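Encoded as structure tokens, the structure appears first; notes follow it.
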Number of protein chains: 4
Amino acid sequence: MPHWKFKLHEVIYEADTPTGRLFDIALLVVIIISVVLVMMESVTWMLEKYAYEFYVAEWIITAIFTIEYALRIIAINKPKRYIFSFYGIVDLLSTLPSYIGFIFGGANLLFAIRALRLLRVFRVLKVTRYIGESRKLIDALKNSRAKIFVFLFAVLIICIIAGTLMHLVEGKGGGFDNIPLSIYWCIVTLTTVGFGDIAPVTPLGRLIASLIMITGYGIIAVPTGIVSAEYSKATEKPIQNTQVCPNCNASRHQDGAKYCHKCGFLLND
Amino acid sequence: MPHWKFKLHEVIYEADTPTGRLFDIALLVVIIISVVLVMMESVTWMLEKYAYEFYVAEWIITAIFTIEYALRIIAINKPKRYIFSFYGIVDLLSTLPSYIGFIFGGANLLFAIRALRLLRVFRVLKVTRYIGESRKLIDALKNSRAKIFVFLFAVLIICIIAGTLMHLVEGKGGGFDNIPLSIYWCIVTLTTVGFGDIAPVTPLGRLIASLIMITGYGIIAVPTGIVSAEYSKATEKPIQNTQVCPNCNASRHQDGAKYCHKCGFLLND
Amino acid sequence: MPHWKFKLHEVIYEADTPTGRLFDIALLVVIIISVVLVMMESVTWMLEKYAYEFYVAEWIITAIFTIEYALRIIAINKPKRYIFSFYGIVDLLSTLPSYIGFIFGGANLLFAIRALRLLRVFRVLKVTRYIGESRKLIDALKNSRAKIFVFLFAVLIICIIAGTLMHLVEGKGGGFDNIPLSIYWCIVTLTTVGFGDIAPVTPLGRLIASLIMITGYGIIAVPTGIVSAEYSKATEKPIQNTQVCPNCNASRHQDGAKYCHKCGFLLND
Amino acid sequence: MPHWKFKLHEVIYEADTPTGRLFDIALLVVIIISVVLVMMESVTWMLEKYAYEFYVAEWIITAIFTIEYALRIIAINKPKRYIFSFYGIVDLLSTLPSYIGFIFGGANLLFAIRALRLLRVFRVLKVTRYIGESRKLIDALKNSRAKIFVFLFAVLIICIIAGTLMHLVEGKGGGFDNIPLSIYWCIVTLTTVGFGDIAPVTPLGRLIASLIMITGYGIIAVPTGIVSAEYSKATEKPIQNTQVCPNCNASRHQDGAKYCHKCGFLLND
């Protein structure tokens with residue numbers, strides 16, 4: 001591995017050296033600008049007024065992303081590892097939309113391709129690299145994932161049953177015209193969002209709605225309880241270390257303890 | 001018990017063998033299709049366009065459910081146990097609607113019977129059999145049930161009092177025309193759903209509404225706290241096993257402990 | 001204290017004997033009926049149709065409550081204790097409205113007095129006497145009371161600042177016509193109720209609203225965390241009592257432990 | 001430091017002596033009046049009717065605040081410490097608006113300056129000085145700050161992606177006319193506020209909205225879990241006793257520890 005490659009790797013992939021930090025921050029600024037540009041382009045009067053500026057800015061950003069992507073492949077010894085990693089795929093996808101738009105053209109097609117372009121937003125996720133705090137959070141969420149899925153599945157079943165019931169009670173013609181619509185209303189209600197575009201009007205419908213809401217109020221506690229307990233476990237762990245007293249075999253010593261709290265024997269650090 | 005019956009029991013009631021798994025998954029697919037069909041039938045233009053297809057599909061599903069129900073009764077030695085179990089009743093009810101509709105006919109009656117048909121959705125609950133994670137969740141919910149009922153009852157009393165107050169303040173004619181309606185609004189508000197179909201318009205009404213909302217914000221913590229604490233207890237338990245030291249009778253040993261953490265005596269595993 | 005008085009006390013104040021239980025349940029039924037009657041009276045068409053029936057029912061309930069109140073005073077040795085207790089005052093207030101309505105008359109006055117009548121609902125609170133579970137809940141809420149007040153006060157200050165800001169940004173004429181209205185909207189938003197009767201329309205207003213909502217989402221965690229921690233403590237406590245072994249000074253004995261778990265010394269109960 | 005200065009310092013800065021308490025309470029009343037006045041001035045009919053009274057009251061309050069500010073500077077030995085502290089800046093800013101309004105005049109300018117005036121509300125924060133309970137709360141919030149920021153940042157990314165998706169699905173012309181508006185809707189929905197001024201109308205849009213809401217329901221647990229765990233830790237600390245090792249001065253010994261966990265010195269119970 002030549003020295004310049006080693007240097008480049010340090011700048012692009014690491015954030016410990018001053019130049020590496022500078023590169024990452026500069027890239028982050030470009031990413032945020034690209035995200036803001038996509039947003040602004042969607043505002044009709046802005047697109048009409050600054051169509052040319054948007055066009056130019058888009059190609060500049062595409063150029064920067066393309067160069068960055070090329071450098072990333074060059075700077076690493078095993079490029080496949082990067083290319084097929086999550087960030088590698090996201091980096092590639094965020095350079096493509098402009099090229100695809102240029103080759104295939106056409107307003108409608110470009111419009112559909114925008115769906116890909118928004119993936120460019122994922123680059124912002126790189127921000128989390130600077131914030132070590134996110135580690136424990138992700139651990140807690142990973143541990144509670146399965147449980148929360150079971151819970152959300154149960155919520156969905158409640159929504160299907162309650163939605164069908166509301167459709168029968170409120171009847172056709174109103175906001176509960178069909179079961180999928182009633183289920184949509186049920187999800188809106190049970191998650192305590194409550195848009196109000198659909199709302200029950202019959203007394204019986206309102207009674208059932210009240211029961212659904214109180215149920216939702218009661219079960220909103222479940223995912224919170226799960227994450228709360230998992231996160232508690234994740235953060236409590238570091239308080240106790242895995243040291244075991246060589247004399248009395250006592251464990252659960254406090255972090256940084258030098259002597260066993262049971263027998264006073266010197267602990268090996 | 002003849003061999004074929006033993007075999008059949010394995011396939012229908014158990015999910016450990018490959019054939020048993022296949023049967024359960026196939027059944028699950030049929031159940032999901034039946035649920036989706038009920039939903040689609042409720043959409044007017046779909047019912048008008050595919051009336052015949054829905055009719056045929058419904059009878060096919062009814063046939064499958066009837067055969068399954070019969071097989072379940074045949075495959076078990078004490079069929080009463082199954083018939084009067086929760087799943088037995090649900091299985092029976094989910095086969096009935098088509099037959100009842102056929103015998104009694106009539107659009108209105110059929111419409112009302114749909115209320116029974118939606119119970120077919122409960123079959124989907126079988127899914128939870130595959131996900132062991134739901135065990136602890138259900139335990140935690142069972143433990144917190146009584147406490148949450150007490151809480152929901154307290155919430156209901158608050159709603160009755162606040163609802164009556166809002167009716168007095170906002171007066172007749174508006175959205176708070178009578179006390180039941182005001183209580184409905186109170187439940188919508190306290191659960192933080194907030195449809196907005198009814199909203200206070202007088203300054204005093206808005207002041208009381210603010211107090212209700214802040215109260216709701218404060219007490220939403222209660223069920224969460226309950227489930228959180230119960231779930232914490234449910235998941236913490238496995239950390240300590242039920243072993244008792246045969247020497248010093250100490251308990252609360254850590255999982256996998258070989259020696260008593262109090263006296264160092266060898267624990268029987 | 002004569003025997004009949006002792007007997008009466010047992011029936012009215014206690015729920016352990018069969019007659020005492022019967023009395024309490026019968027009373028509860030009357031209370032629920034009285035609450036439902038107040039609700040029904042507020043529905044215009046019901047009041048018009050059943051005006052006489054409501055009048056009669058109201059006086060019957062008033063009579064029952066008056067007799068009950070008299071018996072409660074007779075049955076106790078120190079009636080002042082009862083009269084000035086929370087339930088004593090509530091019991092008295094729930095008998096008064098009909099008498100006051102009879103003496104002073106007048107529709108408007110009666111209407112205002114209804115506000116007192118709804119206090120009759122508090123009788124329902126007696127239900128909690130049967131449910132021992134509410135003890136721990138109330139303990140946890142009592143412990144977190146001060147903290148939650150501090151929190152709600154902080155929320156109120158945020159609402160005043162954010163409300164004033166929204167009024168400045170959205171300007172006069174719309175839903176944010178004056179600061180109190182803007183604060184009302186802020187409370188509706190921060191508590192995640194969101195009626196939608198007032199909603200920002202300017203881009204800057206929507207940006208600030210977004211910040212308020214995300215803030216609300218972040219701080220909704222606070223009361224929950226408080227109650228969660230307090231309730232955890234409240235339920236964990238009974239596991240350990242405050243006994244200290246007179247022999248070895250060990251503490252943290254389990255509830256009901258007869259012998260010290262450290263040295264086996266007999267504990268004084 | 002002369003005696004009168006010492007005395008003045010005691011009255012103004014401390015709340016332990018009767019006069020000090022009286023001063024603080026009196027000041028608090030003035031602050032609340034000033035906050036209420038700003039609110040009332042924003043109500044059109046009130047401003048029109050009591051314009052003169054508001055003008056007089058405002059100058060009285062400005063005078064009181066100016067005198068108080070001067071006294072605070074006089075009463076302290078190192079006034080710079082006060083002037084550049086948080087409360088010093090807030091105290092200064094809450095005296096300025098009337099003067100600025102007097103010098104520069106003009107309705108529009110005054111209107112903009114009101115934004116500064118609302119900072120006067122911060123004075124109310126002084127209330128927390130009386131409530132010691134807020135200490136632990138603030139500690140828990142400080143500890144969870146970084147984690148909650150990471151979380152809110154993740155929520156914002158979800159909102160940007162989901163907002164862009166909803167804009168593509170619902171299309172131009174409706175409530176999802178441009179991406180910023182869609183993101184605003186997404187924040188309103190994910191935080192479970194749900195105003196309902198913007199709501200999806202296409203079936204696909206409603207399906208995605210359902211997914212967003214269920215996601216929001218699932219992740220609302222995260223900040224709660226964080227604060228819950230942090231607050232638990234903050235309140236659990238006292239479980240560790242206040243013993244300090246007489247040999248090495250180490251603290252944070254576990255309950256029941258016999259020997260110092262740092263140096264092994266025998267602890268006095």
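FYI, nothing fancy with the structure tokens labels: chains A, B, ... in order, residues from 1 per chain, ligands from 1 as they appear.
The residue set within 10 Å of Ile138 (chain A), counting only C-alpha atoms and dropping same-chain residues fewer than 6 places from it, reads Ser144 and Tyr231 of chain A; Phe151 of chain D.
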message: Quick one: residues within 10 Å of region 51-60 of chain D, only C-alpha atoms, excluding same-chain residues fewer than 4 positions away - as JSON, numbers by chain?
response: {"D": [30, 33, 34, 37, 38, 40, 41, 45, 46, 47, 64, 65, 66, 95, 97, 98, 99]}
Hey, can you spit out that residue selection with N, CA and C atoms as a PDB file, in the first residue's frame?
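Result file follows (selection.pdb):
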```
ATOM      1  N   VAL D  30     -44.987  40.707  40.851  1.00  0.00           N
ATOM      2  CA  VAL D  30     -44.805  41.725  39.810  1.00  0.00           C
ATOM      3  C   VAL D  30     -44.523  41.056  38.465  1.00  0.00           C
ATOM      4  N   ILE D  33     -47.658  39.580  37.079  1.00  0.00           N
ATOM      5  CA  ILE D  33     -48.509  40.666  36.557  1.00  0.00           C
ATOM      6  C   ILE D  33     -47.985  41.130  35.213  1.00  0.00           C
ATOM      7  N   SER D  34     -46.662  41.283  35.086  1.00  0.00           N
ATOM      8  CA  SER D  34     -46.101  41.771  33.821  1.00  0.00           C
ATOM      9  C   SER D  34     -46.366  40.786  32.688  1.00  0.00           C
ATOM     10  N   LEU D  37     -50.002  41.047  31.750  1.00  0.00           N
ATOM     11  CA  LEU D  37     -50.243  42.291  31.019  1.00  0.00           C
ATOM     12  C   LEU D  37     -49.889  42.138  29.538  1.00  0.00           C
ATOM     13  N   VAL D  38     -48.712  41.528  29.258  1.00  0.00           N
ATOM     14  CA  VAL D  38     -48.305  41.316  27.867  1.00  0.00           C
ATOM     15  C   VAL D  38     -49.353  40.497  27.137  1.00  0.00           C
ATOM     16  N   MET D  40     -52.612  40.225  27.915  1.00  0.00           N
ATOM     17  CA  MET D  40     -53.851  40.989  27.760  1.00  0.00           C
ATOM     18  C   MET D  40     -53.737  42.039  26.665  1.00  0.00           C
ATOM     19  N   GLU D  41     -52.558  42.677  26.583  1.00  0.00           N
ATOM     20  CA  GLU D  41     -52.337  43.684  25.541  1.00  0.00           C
ATOM     21  C   GLU D  41     -52.528  43.116  24.137  1.00  0.00           C
ATOM     22  N   TRP D  45     -59.598  43.815  21.715  1.00  0.00           N
ATOM     23  CA  TRP D  45     -60.597  44.640  22.402  1.00  0.00           C
ATOM     24  C   TRP D  45     -60.078  45.155  23.736  1.00  0.00           C
ATOM     25  N   MET D  46     -59.198  44.388  24.371  1.00  0.00           N
ATOM     26  CA  MET D  46     -58.633  44.843  25.641  1.00  0.00           C
ATOM     27  C   MET D  46     -57.682  46.018  25.413  1.00  0.00           C
ATOM     28  N   LEU D  47     -56.842  45.885  24.391  1.00  0.00           N
ATOM     29  CA  LEU D  47     -55.886  46.944  24.075  1.00  0.00           C
ATOM     30  C   LEU D  47     -56.624  48.236  23.734  1.00  0.00           C
ATOM     31  N   ILE D  64     -40.104  49.374  38.305  1.00  0.00           N
ATOM     32  CA  ILE D  64     -39.782  48.399  39.363  1.00  0.00           C
ATOM     33  C   ILE D  64     -38.600  47.536  38.936  1.00  0.00           C
ATOM     34  N   PHE D  65     -38.642  47.044  37.704  1.00  0.00           N
ATOM     35  CA  PHE D  65     -37.573  46.175  37.215  1.00  0.00           C
ATOM     36  C   PHE D  65     -36.238  46.926  37.137  1.00  0.00           C
ATOM     37  N   THR D  66     -36.303  48.222  36.748  1.00  0.00           N
ATOM     38  CA  THR D  66     -35.068  49.011  36.649  1.00  0.00           C
ATOM     39  C   THR D  66     -34.444  49.203  38.020  1.00  0.00           C
ATOM     40  N   THR D  95     -36.009  44.741  31.244  1.00  0.00           N
ATOM     41  CA  THR D  95     -36.259  46.157  31.547  1.00  0.00           C
ATOM     42  C   THR D  95     -36.211  47.014  30.278  1.00  0.00           C
ATOM     43  N   PRO D  97     -37.393  46.706  26.858  1.00  0.00           N
ATOM     44  CA  PRO D  97     -38.391  46.945  25.795  1.00  0.00           C
ATOM     45  C   PRO D  97     -39.089  48.291  25.875  1.00  0.00           C
ATOM     46  N   SER D  98     -39.518  48.706  27.070  1.00  0.00           N
ATOM     47  CA  SER D  98     -40.237  49.974  27.190  1.00  0.00           C
ATOM     48  C   SER D  98     -39.353  51.151  26.783  1.00  0.00           C
ATOM     49  N   TYR D  99     -38.088  51.127  27.216  1.00  0.00           N
ATOM     50  CA  TYR D  99     -37.168  52.206  26.864  1.00  0.00           C
ATOM     51  C   TYR D  99     -36.943  52.250  25.360  1.00  0.00           C
TER      52      TYR D  99
END
```
May I have the residues within 12 Å of Asp177 (chain B) as a JSON list (two decimals) with C-alpha atoms, in the first residue's frame, using only C-alpha atoms and disregarding those fewer than 2 positions away in the same chain?
```
[["chain", "number", "residue", "atom", "x", "y", "z"],
["B", 163, "GLY", "CA", -67.06, 16.34, 30.60],
["B", 164, "THR", "CA", -69.90, 17.62, 32.79],
["B", 166, "MET", "CA", -67.21, 21.41, 29.88],
["B", 167, "HIS", "CA", -70.92, 20.93, 29.08],
["B", 168, "LEU", "CA", -71.81, 23.54, 31.70],
["B", 169, "VAL", "CA", -69.16, 25.98, 30.47],
["B", 170, "GLU", "CA", -69.55, 25.61, 26.71],
["B", 171, "GLY", "CA", -73.33, 25.34, 26.91],
["B", 172, "LYS", "CA", -75.89, 23.74, 24.63],
["B", 173, "GLY", "CA", -75.92, 24.12, 20.85],
["B", 174, "GLY", "CA", -72.24, 23.57, 20.12],
["B", 175, "GLY", "CA", -70.11, 20.47, 20.20],
["B", 179, "ILE", "CA", -72.90, 15.39, 28.79],
["B", 180, "PRO", "CA", -72.26, 12.07, 26.96],
["B", 181, "LEU", "CA", -70.92, 14.07, 23.99],
["B", 182, "SER", "CA", -68.76, 16.16, 26.34],
["B", 183, "ILE", "CA", -67.41, 12.99, 27.96],
["B", 184, "TYR", "CA", -66.62, 11.62, 24.48],
["B", 185, "TRP", "CA", -64.70, 14.83, 23.76],
["B", 198, "ILE", "CA", -65.44, 19.03, 18.70],
["B", 199, "ALA", "CA", -63.32, 21.81, 20.19],
["B", 200, "PRO", "CA", -64.04, 24.43, 22.85],
["C", 39, "MET", "CA", -75.94, 12.49, 31.83],
["C", 40, "MET", "CA", -79.30, 11.58, 30.29],
["C", 41, "GLU", "CA", -80.95, 14.75, 31.57],
["C", 42, "SER", "CA", -78.40, 16.76, 29.56],
["C", 43, "VAL", "CA", -79.60, 15.22, 26.29],
["C", 44, "THR", "CA", -82.31, 17.59, 25.05],
["C", 45, "TRP", "CA", -84.74, 15.08, 23.53]]
```
Taking only C-alpha atoms into account, report as a tab-separated table (two decimals) with N, CA, C and O atoms, in the first residue's frame which residues of chain D lie within 6 Å of chain C.
```
chain	number	residue	atom	x	y	z
D	39	MET	N	-49.87	39.47	27.82
D	39	MET	CA	-50.92	38.63	27.23
D	39	MET	C	-52.17	39.44	26.92
D	39	MET	O	-52.73	39.36	25.82
D	42	SER	N	-52.28	41.79	23.99
D	42	SER	CA	-52.38	41.17	22.66
D	42	SER	C	-53.83	40.95	22.25
D	42	SER	O	-54.12	40.72	21.07
D	43	VAL	N	-54.76	41.01	23.23
D	43	VAL	CA	-56.19	40.85	22.89
D	43	VAL	C	-56.71	42.21	22.40
D	43	VAL	O	-56.70	43.19	23.15
D	133	GLU	N	-37.01	20.05	44.36
D	133	GLU	CA	-37.25	18.82	43.62
D	133	GLU	C	-36.70	18.86	42.20
D	133	GLU	O	-36.41	17.84	41.60
D	191	THR	N	-45.07	12.84	15.72
D	191	THR	CA	-45.13	13.24	17.13
D	191	THR	C	-46.52	12.98	17.70
D	191	THR	O	-46.79	13.36	18.83
D	192	THR	N	-47.39	12.36	16.91
D	192	THR	CA	-48.78	12.02	17.28
D	192	THR	C	-49.63	13.25	17.60
D	192	THR	O	-50.64	13.12	18.30
D	193	VAL	N	-49.22	14.43	17.11
D	193	VAL	CA	-50.05	15.62	17.32
D	193	VAL	C	-51.27	15.54	16.41
D	193	VAL	O	-52.40	15.60	16.87
D	194	GLY	N	-51.04	15.43	15.09
D	194	GLY	CA	-52.13	15.22	14.14
D	194	GLY	C	-53.15	16.33	14.09
D	194	GLY	O	-54.27	16.14	14.53
D	195	PHE	N	-52.78	17.49	13.54
D	195	PHE	CA	-53.74	18.60	13.45
D	195	PHE	C	-54.91	18.23	12.54
D	195	PHE	O	-56.06	18.51	12.86
D	196	GLY	N	-54.60	17.64	11.39
D	196	GLY	CA	-55.66	17.29	10.45
D	196	GLY	C	-55.87	18.37	9.40
D	196	GLY	O	-56.75	18.23	8.55
D	223	PRO	N	-37.31	8.14	23.69
D	223	PRO	CA	-36.92	9.17	24.66
D	223	PRO	C	-37.40	8.86	26.06
D	223	PRO	O	-36.70	9.13	27.04
D	224	THR	N	-38.61	8.28	26.16
D	224	THR	CA	-39.14	7.91	27.47
D	224	THR	C	-38.22	6.91	28.14
D	224	THR	O	-37.90	7.05	29.33
D	227	VAL	N	-34.99	8.81	29.37
D	227	VAL	CA	-35.20	9.62	30.58
D	227	VAL	C	-35.51	8.73	31.77
D	227	VAL	O	-35.01	8.94	32.88
D	228	SER	N	-36.35	7.72	31.52
D	228	SER	CA	-36.75	6.79	32.58
D	228	SER	C	-35.52	6.16	33.22
D	228	SER	O	-35.37	6.14	34.45
D	232	SER	N	-34.04	7.03	36.84
D	232	SER	CA	-33.91	5.91	37.77
D	232	SER	C	-32.53	5.92	38.41
D	232	SER	O	-32.39	5.79	39.62
```
statement: The residue from A:Ile12, A:Ala75, A:Leu152, A:His3 with the smallest atom-to-atom distance to Ile25 (chain A), counting only C-alpha atoms, is A:Ile12
- line: Atom pair CA of Lys5 (chain C) + CA of Ile76 (chain C), distance 7.7 Å
